[in-house]
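Report on the structure given below.
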There are 2 protein chains.
Amino acid sequence: MQSTMQDVPLLISRILTHGSTIHGKAEVRTWTGETTRRRTYAEAGARAAQLAHALRDELGVRDGEPVGTLMWNNAEHLEAYFAVPSMGAVLHTLNLRLPAEQLAWIINHAADAVVIVDGSLLPLLAPLLPHTPAVRHVVVSGPGDRSLLDGVTATVHDYEQLIAGRSTSYDWPELDERAAAALCYTSGTTGDPKGVVYSHRSVYLHCMEVNSAATFGLTDADVCAPLVPMFHVNAWGLPHASFMAGASLLMPDRFLQPGPIAEMIETVRPTVAAAVPTIWQGLLGELDATKRDVTSLRNVVIGGSACPPSLMRAFEERHGLRVVHAWGMTETSPLGSVAHPPAGVSGEEEWTYRATQGRFPASVEARLVGPDGAHLPWDGESAGELEVRGPWIAGAYYGGADGPDLRPEDKFSPDGWLRTGDVGTISPDGYLTLTDRAKDVIKSGGEWISSVELENHLMAHPEVAEAAVVAVPDDKWGERPLAAVVLRDGASLSFEELRSFLGERVARWQLPERWTAVVAVPKTSVGKFDKKVLRRQYAEGELTVTRVG
Amino acid sequence: MQSTMQDVPLLISRILTHGSTIHGKAEVRTWTGETTRRRTYAEAGARAAQLAHALRDELGVRDGEPVGTLMWNNAEHLEAYFAVPSMGAVLHTLNLRLPAEQLAWIINHAADAVVIVDGSLLPLLAPLLPHTPAVRHVVVSGPGDRSLLDGVTATVHDYEQLIAGRSTSYDWPELDERAAAALCYTSGTTGDPKGVVYSHRSVYLHCMEVNSAATFGLTDADVCAPLVPMFHVNAWGLPHASFMAGASLLMPDRFLQPGPIAEMIETVRPTVAAAVPTIWQGLLGELDATKRDVTSLRNVVIGGSACPPSLMRAFEERHGLRVVHAWGMTETSPLGSVAHPPAGVSGEEEWTYRATQGRFPASVEARLVGPDGAHLPWDGESAGELEVRGPWIAGAYYGGADGPDLRPEDKFSPDGWLRTGDVGTISPDGYLTLTDRAKDVIKSGGEWISSVELENHLMAHPEVAEAAVVAVPDDKWGERPLAAVVLRDGASLSFEELRSFLGERVARWQLPERWTAVVAVPKTSVGKFDKKVLRRQYAEGELTVTRVG
């Protein structure tokens, strides 16, 4: 017996058409520092069609070709988000926080022939162009010093002039849903950056999951503020999901500092926002100091790296913001799990659940693999590397996974599951608790010490602003933890006191003997702790280390 | 550039595994008339595995073969819902309200070799078996007079004995997501019944949409009561959606009368319920009389046929129940549109939206086609036949659409869209208002009169219990409306008064001249008005018709 259902592909153009017609009155609002410039989804859809015509007819972009974007979160970036994949090309979001060399490497690796760039980012792009010969067209959006492009071999276009006067409708092609739609490189903490190519199918299904009530549940009553950059895993799918649900979007543009963000939230009153912990940490300080009203937010999503429970509690207790923890990575689109507590729990039990990485949606299969390759039980105790499988999970890297310290089998199991590199446990009711990155676990005398657990305890101390723990070589134990601590302004806390504080919370053999005070924890371009740098600083004797205990 | 995403199929076995592990504590509760018998999703999953082993090893069911179910909404039916498609076979839900002849026709057309039957339904099945020679196995679930099966050629099994002792886990096969999963026949108001074969993909995507916040938004805090039968378009996808979301299920079993339903709701306190208007109409009368507490329901879904706005208001104003109107059909899985009002509207404007058939989700494309084949604008005024397209919309019938009065091109456009047979308008913001079935529209002197609009106005009169309007031949105008009215007990209302009442609401030329009082409006097996019967009764002079005006 054969199915009699229609065979209709899941395409980003459908999300675009749906959002710009049925939800045509919803708006993308871009923060300008004081107010927002507003564009309806109907207008955004019309402009996306114009952009697609320009890219195809004027710039010669063909199916499957990448179009780079080096842009902030704003209305024009949103237009590219929809126009490029809908026409059959591939949206390649470039991470504007990367070092210039890495950025050039990525542009060359993807072979971007077109780059759409925000005028304010020309100082970043212009010096790269001599090293990215494949770039034939540069499209500049918004104000900026265009003279920086004088003499480049690529043709320079103005975004508004390029799209002006073109047809505001486009007969979007009926693509294969498995066709490439978007390309995002991981920030490459080990080896070269690695490209993940999302398909229309993966983006569409991920978008449906984001909108499920058990995940973020966007509706047309929401105003969604993606504070996570649009170059960072499709801003966690929120631009697509907002268009699908008819939620309006609030884009922070380049105003990502705590003060402007707080002002934007108080002024525009979004209902949902999402960002990495570093942004929220900064915002918390700002809110504590300025008492901005951010109570419009019904749901604040934190993800991108483990979030200290103390931060979640601080937001809830001091500012009435409910924070939801989510786990994911570039390779998981990124929605891997969401830490809504089970229905019916409350109080401290609820916090226990909310401090985890959460539950997996139906479309994400998960398993834990021990050091010997055995699959471990979901008993809340057995710790292993998390492997995942699903229609929005990567099964390879663009052009293969290379680099001196990475082979494909390090990232994908023989049966095709993604090896996340995260170590943790899963409870019988499916809650994931990540204790560490596989590479950051401290292997001390045959036992594993979780660096993240120690960090969370340290950062729960009121006088600690940030803390990172890394493994350093030890003659007797193989490895031992080194604690790098940033104290709050005016704090007068000794390492001995901190070690005692920690001693009340973890086993004695896990307590660090090596302590160092730092001005800030080194971070990667997307705001995660860069432990590689700390380990190198220690190895090269750049840190002043105090031995305690 | 190629996508690097994993190619993981969307399968019902994934929903089953997810629900029975991560949501293993959720429950399917089956009403027994006074209380519920309870089974966790973990237990349901284990029993589904046992059933699959039995069907494969003992009964020889192979991939793609149909397994019939003639059952009420209960835990065992749920087990079959998941076991049969997950193992690769096709769940064929049999409509127990059909006339015996039609039921036998359907079993033969599908060539069901296995039928799982509720013991209480043996009086219905047993007489059919001599006429359904392909049925090799009958599996009887629950109490019933098994002696009715004495002498049948099929092998008879007891459900519990059949599954007992078998493995509670099953290595579900990795099927093609486009493989057949479930088969449902339309009730066939014109010609023979027509089979729609859902795929794993269509069921999975539909399930995700049901769980989106903008649709029904089930979560693990919900208890979902599908009062719509499980043989009626997969109970609107609610069993699958509940498993995916971890919502518990409350199954009414055979207790579908207003009194027992009201008692069940008061006792078990479900949060979501779904049924056709006829059921709700009956329940409203019961609630008015008995004042049962049904306030646990946060969301009541009405669909299956147009719902009188007066009914929705009555529930909300008298019993605090928020009713949501949804439109769909067997061919649309059934979710076609949902009438949540746009955010921000209230009062009478909100009711205007809620009385429509609602908005389409992103995965359902819609267009209106006029009598001349032209596509009509979404202006809220141009009325045409609704055509839809999407991954959970049928593109054909099983074995083709046959019958003397139906050709495939009547139901599917040359470019593959489903012709719904519904006539209506779409507003600029995407709200569908169905005014009639294409075949029920009254073609009077070159104008169309909507029978449904007249019915809704008539049923809004407090002394009218039910009203149906059908087209009857008229020498002068071609067709004119005939109003068939059921008055409430004790009502003393003349047709003249009713016609005046109607005259305040519609144009004069639309007012019926022919009126008849009936004891009840004839209904199809799924509770829709059966206008075919009324038209025949009129043609054969069986109705006492009064001319008014």
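Naming works like this for the structure tokens: A, B, ... for the chains as they're shown, residue 1 at the start of each chain, ligands 1 onward in shown order.
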
query: Could you pull the residues within 10 Å of range 445-455 of chain B, counting only C-alpha atoms, minus those fewer than 4 positions along the same chain, as a ChimeraX atom specification?
result: /B:306-308,383,423-424,434-438,440-441,459-460,466-471,474,476-485,502,505-507,509-512

TODO: Would you mind writing down, as a VMD selection string, each residue of range 98-329 of chain A that DSSP on the backbone assigns to strand (DSSP E)?
DONE: chain A and resid 114 to 118 137 to 141 155 to 158 180 to 185 195 to 199 223 to 226 248 to 251 272 to 275 299 to 302 323 to 327

If we count only C-alpha atoms and set the cut-off at 9 Å, which residues sit around Gly380 in chain B, ignoring sequence neighbours fewer than 2 positions away in its own chain? Please answer as a PDB file with all heavy atoms, in the first residue's frame.
```
ATOM      1  N   PRO B 377      -8.856  36.883  -5.376  1.00  0.00           N
ATOM      2  CA  PRO B 377      -8.055  37.600  -4.364  1.00  0.00           C
ATOM      3  C   PRO B 377      -8.521  37.285  -2.936  1.00  0.00           C
ATOM      4  O   PRO B 377      -9.656  36.858  -2.722  1.00  0.00           O
ATOM      5  CB  PRO B 377      -8.313  39.075  -4.694  1.00  0.00           C
ATOM      6  CG  PRO B 377      -9.630  39.087  -5.403  1.00  0.00           C
ATOM      7  CD  PRO B 377      -9.724  37.783  -6.148  1.00  0.00           C
ATOM      8  N   TRP B 378      -7.616  37.480  -1.995  1.00  0.00           N
ATOM      9  CA  TRP B 378      -7.939  37.355  -0.569  1.00  0.00           C
ATOM     10  C   TRP B 378      -8.451  38.723  -0.098  1.00  0.00           C
ATOM     11  O   TRP B 378      -7.753  39.464   0.572  1.00  0.00           O
ATOM     12  CB  TRP B 378      -6.699  36.965   0.234  1.00  0.00           C
ATOM     13  CG  TRP B 378      -6.206  35.570  -0.010  1.00  0.00           C
ATOM     14  CD1 TRP B 378      -6.507  34.765  -1.071  1.00  0.00           C
ATOM     15  CD2 TRP B 378      -5.321  34.798   0.826  1.00  0.00           C
ATOM     16  NE1 TRP B 378      -5.859  33.548  -0.952  1.00  0.00           N
ATOM     17  CE2 TRP B 378      -5.133  33.544   0.196  1.00  0.00           C
ATOM     18  CE3 TRP B 378      -4.675  35.050   2.037  1.00  0.00           C
ATOM     19  CZ2 TRP B 378      -4.314  32.543   0.742  1.00  0.00           C
ATOM     20  CZ3 TRP B 378      -3.857  34.061   2.574  1.00  0.00           C
ATOM     21  CH2 TRP B 378      -3.685  32.824   1.944  1.00  0.00           C
ATOM     22  N   SER B 382     -14.513  37.917  -2.315  1.00  0.00           N
ATOM     23  CA  SER B 382     -14.593  37.015  -3.468  1.00  0.00           C
ATOM     24  C   SER B 382     -14.740  35.580  -2.983  1.00  0.00           C
ATOM     25  O   SER B 382     -13.879  35.058  -2.277  1.00  0.00           O
ATOM     26  CB  SER B 382     -13.317  37.133  -4.311  1.00  0.00           C
ATOM     27  OG  SER B 382     -13.093  38.480  -4.668  1.00  0.00           O
ATOM     28  N   ALA B 383     -15.849  34.938  -3.367  1.00  0.00           N
ATOM     29  CA  ALA B 383     -16.107  33.575  -2.914  1.00  0.00           C
ATOM     30  C   ALA B 383     -15.744  32.575  -3.998  1.00  0.00           C
ATOM     31  O   ALA B 383     -16.111  32.731  -5.162  1.00  0.00           O
ATOM     32  CB  ALA B 383     -17.580  33.418  -2.532  1.00  0.00           C
ATOM     33  N   GLY B 424     -15.895  29.512  -0.058  1.00  0.00           N
ATOM     34  CA  GLY B 424     -15.788  30.567   0.949  1.00  0.00           C
ATOM     35  C   GLY B 424     -14.923  31.710   0.492  1.00  0.00           C
ATOM     36  O   GLY B 424     -14.609  31.839  -0.690  1.00  0.00           O
ATOM     37  N   THR B 425     -14.564  32.549   1.466  1.00  0.00           N
ATOM     38  CA  THR B 425     -13.722  33.720   1.210  1.00  0.00           C
ATOM     39  C   THR B 425     -12.505  33.662   2.130  1.00  0.00           C
ATOM     40  O   THR B 425     -12.502  32.933   3.131  1.00  0.00           O
ATOM     41  CB  THR B 425     -14.483  35.022   1.524  1.00  0.00           C
ATOM     42  OG1 THR B 425     -14.822  35.013   2.927  1.00  0.00           O
ATOM     43  CG2 THR B 425     -15.769  35.135   0.713  1.00  0.00           C
ATOM     44  N   ILE B 426     -11.484  34.425   1.769  1.00  0.00           N
ATOM     45  CA  ILE B 426     -10.303  34.571   2.632  1.00  0.00           C
ATOM     46  C   ILE B 426     -10.045  36.062   2.795  1.00  0.00           C
ATOM     47  O   ILE B 426     -10.039  36.811   1.808  1.00  0.00           O
ATOM     48  CB  ILE B 426      -9.067  33.865   2.037  1.00  0.00           C
ATOM     49  CG1 ILE B 426      -9.363  32.370   1.821  1.00  0.00           C
ATOM     50  CG2 ILE B 426      -7.854  34.041   2.946  1.00  0.00           C
ATOM     51  CD1 ILE B 426      -8.227  31.599   1.168  1.00  0.00           C
ATOM     52  N   SER B 427      -9.852  36.499   4.030  1.00  0.00           N
ATOM     53  CA  SER B 427      -9.617  37.917   4.294  1.00  0.00           C
ATOM     54  C   SER B 427      -8.157  38.261   3.971  1.00  0.00           C
ATOM     55  O   SER B 427      -7.322  37.375   3.857  1.00  0.00           O
ATOM     56  CB  SER B 427      -9.908  38.212   5.762  1.00  0.00           C
ATOM     57  OG  SER B 427      -8.927  37.574   6.561  1.00  0.00           O
ATOM     58  N   PRO B 428      -7.853  39.556   3.856  1.00  0.00           N
ATOM     59  CA  PRO B 428      -6.466  39.935   3.555  1.00  0.00           C
ATOM     60  C   PRO B 428      -5.485  39.408   4.600  1.00  0.00           C
ATOM     61  O   PRO B 428      -4.330  39.138   4.272  1.00  0.00           O
ATOM     62  CB  PRO B 428      -6.511  41.467   3.572  1.00  0.00           C
ATOM     63  CG  PRO B 428      -7.927  41.803   3.224  1.00  0.00           C
ATOM     64  CD  PRO B 428      -8.764  40.716   3.852  1.00  0.00           C
ATOM     65  N   GLY B 430      -5.716  36.528   5.954  1.00  0.00           N
ATOM     66  CA  GLY B 430      -5.626  35.073   5.856  1.00  0.00           C
ATOM     67  C   GLY B 430      -6.684  34.274   6.590  1.00  0.00           C
ATOM     68  O   GLY B 430      -6.512  33.075   6.780  1.00  0.00           O
ATOM     69  N   TYR B 431      -7.755  34.904   7.022  1.00  0.00           N
ATOM     70  CA  TYR B 431      -8.816  34.152   7.701  1.00  0.00           C
ATOM     71  C   TYR B 431      -9.813  33.611   6.687  1.00  0.00           C
ATOM     72  O   TYR B 431     -10.359  34.365   5.877  1.00  0.00           O
ATOM     73  CB  TYR B 431      -9.515  35.010   8.754  1.00  0.00           C
ATOM     74  CG  TYR B 431      -8.716  35.087  10.034  1.00  0.00           C
ATOM     75  CD1 TYR B 431      -7.666  35.995  10.172  1.00  0.00           C
ATOM     76  CD2 TYR B 431      -8.963  34.209  11.082  1.00  0.00           C
ATOM     77  CE1 TYR B 431      -6.900  36.039  11.320  1.00  0.00           C
ATOM     78  CE2 TYR B 431      -8.205  34.250  12.243  1.00  0.00           C
ATOM     79  CZ  TYR B 431      -7.178  35.159  12.356  1.00  0.00           C
ATOM     80  OH  TYR B 431      -6.413  35.197  13.499  1.00  0.00           O
ATOM     81  N   LEU B 432     -10.038  32.318   6.802  1.00  0.00           N
ATOM     82  CA  LEU B 432     -10.950  31.611   5.910  1.00  0.00           C
ATOM     83  C   LEU B 432     -12.358  31.645   6.481  1.00  0.00           C
ATOM     84  O   LEU B 432     -12.564  31.331   7.660  1.00  0.00           O
ATOM     85  CB  LEU B 432     -10.478  30.156   5.795  1.00  0.00           C
ATOM     86  CG  LEU B 432     -11.406  29.162   5.091  1.00  0.00           C
ATOM     87  CD1 LEU B 432     -11.456  29.452   3.593  1.00  0.00           C
ATOM     88  CD2 LEU B 432     -10.923  27.726   5.348  1.00  0.00           C
ATOM     89  N   THR B 433     -13.320  32.028   5.651  1.00  0.00           N
ATOM     90  CA  THR B 433     -14.729  31.894   6.037  1.00  0.00           C
ATOM     91  C   THR B 433     -15.414  31.007   5.021  1.00  0.00           C
ATOM     92  O   THR B 433     -15.515  31.371   3.844  1.00  0.00           O
ATOM     93  CB  THR B 433     -15.422  33.264   6.089  1.00  0.00           C
ATOM     94  OG1 THR B 433     -14.755  34.083   7.056  1.00  0.00           O
ATOM     95  CG2 THR B 433     -16.886  33.107   6.509  1.00  0.00           C
TER      96      THR B 433
END
```

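Every protein or nucleic acid residue with an atom no more than 8 Å from Ala396 in chain A, counting only C-alpha atoms and leaving out same-chain residues fewer than 2 positions away, appears here: A:Val196, A:Ala394, A:Tyr398, A:Gly400, A:Ala401, A:Pro408, A:Phe412, B:Thr4, B:Met5, B:Gln6.
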
Writing out the chosen residues with all heavy atoms as a PDB file, in the first residue's frame:
```
ATOM      1  N   VAL A 196      29.086  23.919   8.607  1.00  0.00           N
ATOM      2  CA  VAL A 196      27.877  23.099   8.667  1.00  0.00           C
ATOM      3  C   VAL A 196      26.898  23.672   7.642  1.00  0.00           C
ATOM      4  O   VAL A 196      26.625  24.878   7.659  1.00  0.00           O
ATOM      5  CB  VAL A 196      27.253  23.121  10.072  1.00  0.00           C
ATOM      6  CG1 VAL A 196      25.912  22.389  10.080  1.00  0.00           C
ATOM      7  CG2 VAL A 196      28.215  22.503  11.082  1.00  0.00           C
ATOM      8  N   ALA A 394      23.893  17.763  12.171  1.00  0.00           N
ATOM      9  CA  ALA A 394      24.884  17.569  11.111  1.00  0.00           C
ATOM     10  C   ALA A 394      25.416  16.145  11.112  1.00  0.00           C
ATOM     11  O   ALA A 394      25.574  15.524  12.174  1.00  0.00           O
ATOM     12  CB  ALA A 394      26.031  18.561  11.277  1.00  0.00           C
ATOM     13  N   TYR A 398      31.301  20.612   5.844  1.00  0.00           N
ATOM     14  CA  TYR A 398      31.474  21.028   4.456  1.00  0.00           C
ATOM     15  C   TYR A 398      32.932  20.841   4.049  1.00  0.00           C
ATOM     16  O   TYR A 398      33.830  21.403   4.678  1.00  0.00           O
ATOM     17  CB  TYR A 398      31.066  22.492   4.290  1.00  0.00           C
ATOM     18  CG  TYR A 398      31.227  22.998   2.877  1.00  0.00           C
ATOM     19  CD1 TYR A 398      30.601  22.347   1.816  1.00  0.00           C
ATOM     20  CD2 TYR A 398      32.020  24.097   2.602  1.00  0.00           C
ATOM     21  CE1 TYR A 398      30.759  22.794   0.529  1.00  0.00           C
ATOM     22  CE2 TYR A 398      32.174  24.565   1.307  1.00  0.00           C
ATOM     23  CZ  TYR A 398      31.552  23.899   0.270  1.00  0.00           C
ATOM     24  OH  TYR A 398      31.706  24.339  -1.018  1.00  0.00           O
ATOM     25  N   GLY A 400      34.494  18.209   4.446  1.00  0.00           N
ATOM     26  CA  GLY A 400      35.123  17.259   5.364  1.00  0.00           C
ATOM     27  C   GLY A 400      35.697  17.960   6.575  1.00  0.00           C
ATOM     28  O   GLY A 400      35.890  19.171   6.591  1.00  0.00           O
ATOM     29  N   ALA A 401      35.897  17.208   7.644  1.00  0.00           N
ATOM     30  CA  ALA A 401      36.486  17.779   8.861  1.00  0.00           C
ATOM     31  C   ALA A 401      37.984  17.597   8.771  1.00  0.00           C
ATOM     32  O   ALA A 401      38.473  16.476   8.741  1.00  0.00           O
ATOM     33  CB  ALA A 401      35.935  17.053  10.079  1.00  0.00           C
ATOM     34  N   PRO A 408      37.436  12.934  10.871  1.00  0.00           N
ATOM     35  CA  PRO A 408      35.968  12.822  10.820  1.00  0.00           C
ATOM     36  C   PRO A 408      35.435  11.899  11.904  1.00  0.00           C
ATOM     37  O   PRO A 408      34.390  12.171  12.501  1.00  0.00           O
ATOM     38  CB  PRO A 408      35.720  12.246   9.416  1.00  0.00           C
ATOM     39  CG  PRO A 408      36.888  12.683   8.603  1.00  0.00           C
ATOM     40  CD  PRO A 408      38.057  12.723   9.552  1.00  0.00           C
ATOM     41  N   PHE A 412      31.942  12.113  14.224  1.00  0.00           N
ATOM     42  CA  PHE A 412      30.762  11.350  13.806  1.00  0.00           C
ATOM     43  C   PHE A 412      31.019   9.870  14.029  1.00  0.00           C
ATOM     44  O   PHE A 412      32.071   9.360  13.673  1.00  0.00           O
ATOM     45  CB  PHE A 412      30.445  11.639  12.326  1.00  0.00           C
ATOM     46  CG  PHE A 412      30.244  13.100  12.057  1.00  0.00           C
ATOM     47  CD1 PHE A 412      31.256  13.876  11.508  1.00  0.00           C
ATOM     48  CD2 PHE A 412      29.054  13.725  12.408  1.00  0.00           C
ATOM     49  CE1 PHE A 412      31.085  15.237  11.297  1.00  0.00           C
ATOM     50  CE2 PHE A 412      28.871  15.089  12.190  1.00  0.00           C
ATOM     51  CZ  PHE A 412      29.895  15.844  11.642  1.00  0.00           C
TER      52      PHE A 412
ATOM     53  N   THR B   4      25.008  19.237   4.686  1.00  0.00           N
ATOM     54  CA  THR B   4      25.774  18.247   5.469  1.00  0.00           C
ATOM     55  C   THR B   4      24.923  17.665   6.591  1.00  0.00           C
ATOM     56  O   THR B   4      25.453  17.082   7.539  1.00  0.00           O
ATOM     57  CB  THR B   4      27.028  18.896   6.096  1.00  0.00           C
ATOM     58  OG1 THR B   4      26.607  19.912   7.011  1.00  0.00           O
ATOM     59  CG2 THR B   4      27.939  19.488   5.046  1.00  0.00           C
ATOM     60  N   MET B   5      23.607  17.836   6.502  1.00  0.00           N
ATOM     61  CA  MET B   5      22.771  17.363   7.604  1.00  0.00           C
ATOM     62  C   MET B   5      22.518  15.851   7.504  1.00  0.00           C
ATOM     63  O   MET B   5      22.552  15.269   6.425  1.00  0.00           O
ATOM     64  CB  MET B   5      21.427  18.103   7.622  1.00  0.00           C
ATOM     65  CG  MET B   5      21.556  19.615   7.675  1.00  0.00           C
ATOM     66  SD  MET B   5      22.727  20.221   8.929  1.00  0.00           S
ATOM     67  CE  MET B   5      21.695  20.120  10.404  1.00  0.00           C
ATOM     68  N   GLN B   6      22.265  15.239   8.645  1.00  0.00           N
ATOM     69  CA  GLN B   6      21.900  13.831   8.672  1.00  0.00           C
ATOM     70  C   GLN B   6      20.566  13.638   7.933  1.00  0.00           C
ATOM     71  O   GLN B   6      19.705  14.508   7.959  1.00  0.00           O
ATOM     72  CB  GLN B   6      21.740  13.336  10.113  1.00  0.00           C
ATOM     73  CG  GLN B   6      23.019  13.396  10.930  1.00  0.00           C
ATOM     74  CD  GLN B   6      22.811  12.935  12.373  1.00  0.00           C
ATOM     75  OE1 GLN B   6      21.772  12.376  12.714  1.00  0.00           O
ATOM     76  NE2 GLN B   6      23.805  13.177  13.211  1.00  0.00           N
TER      77      GLN B   6
END
```
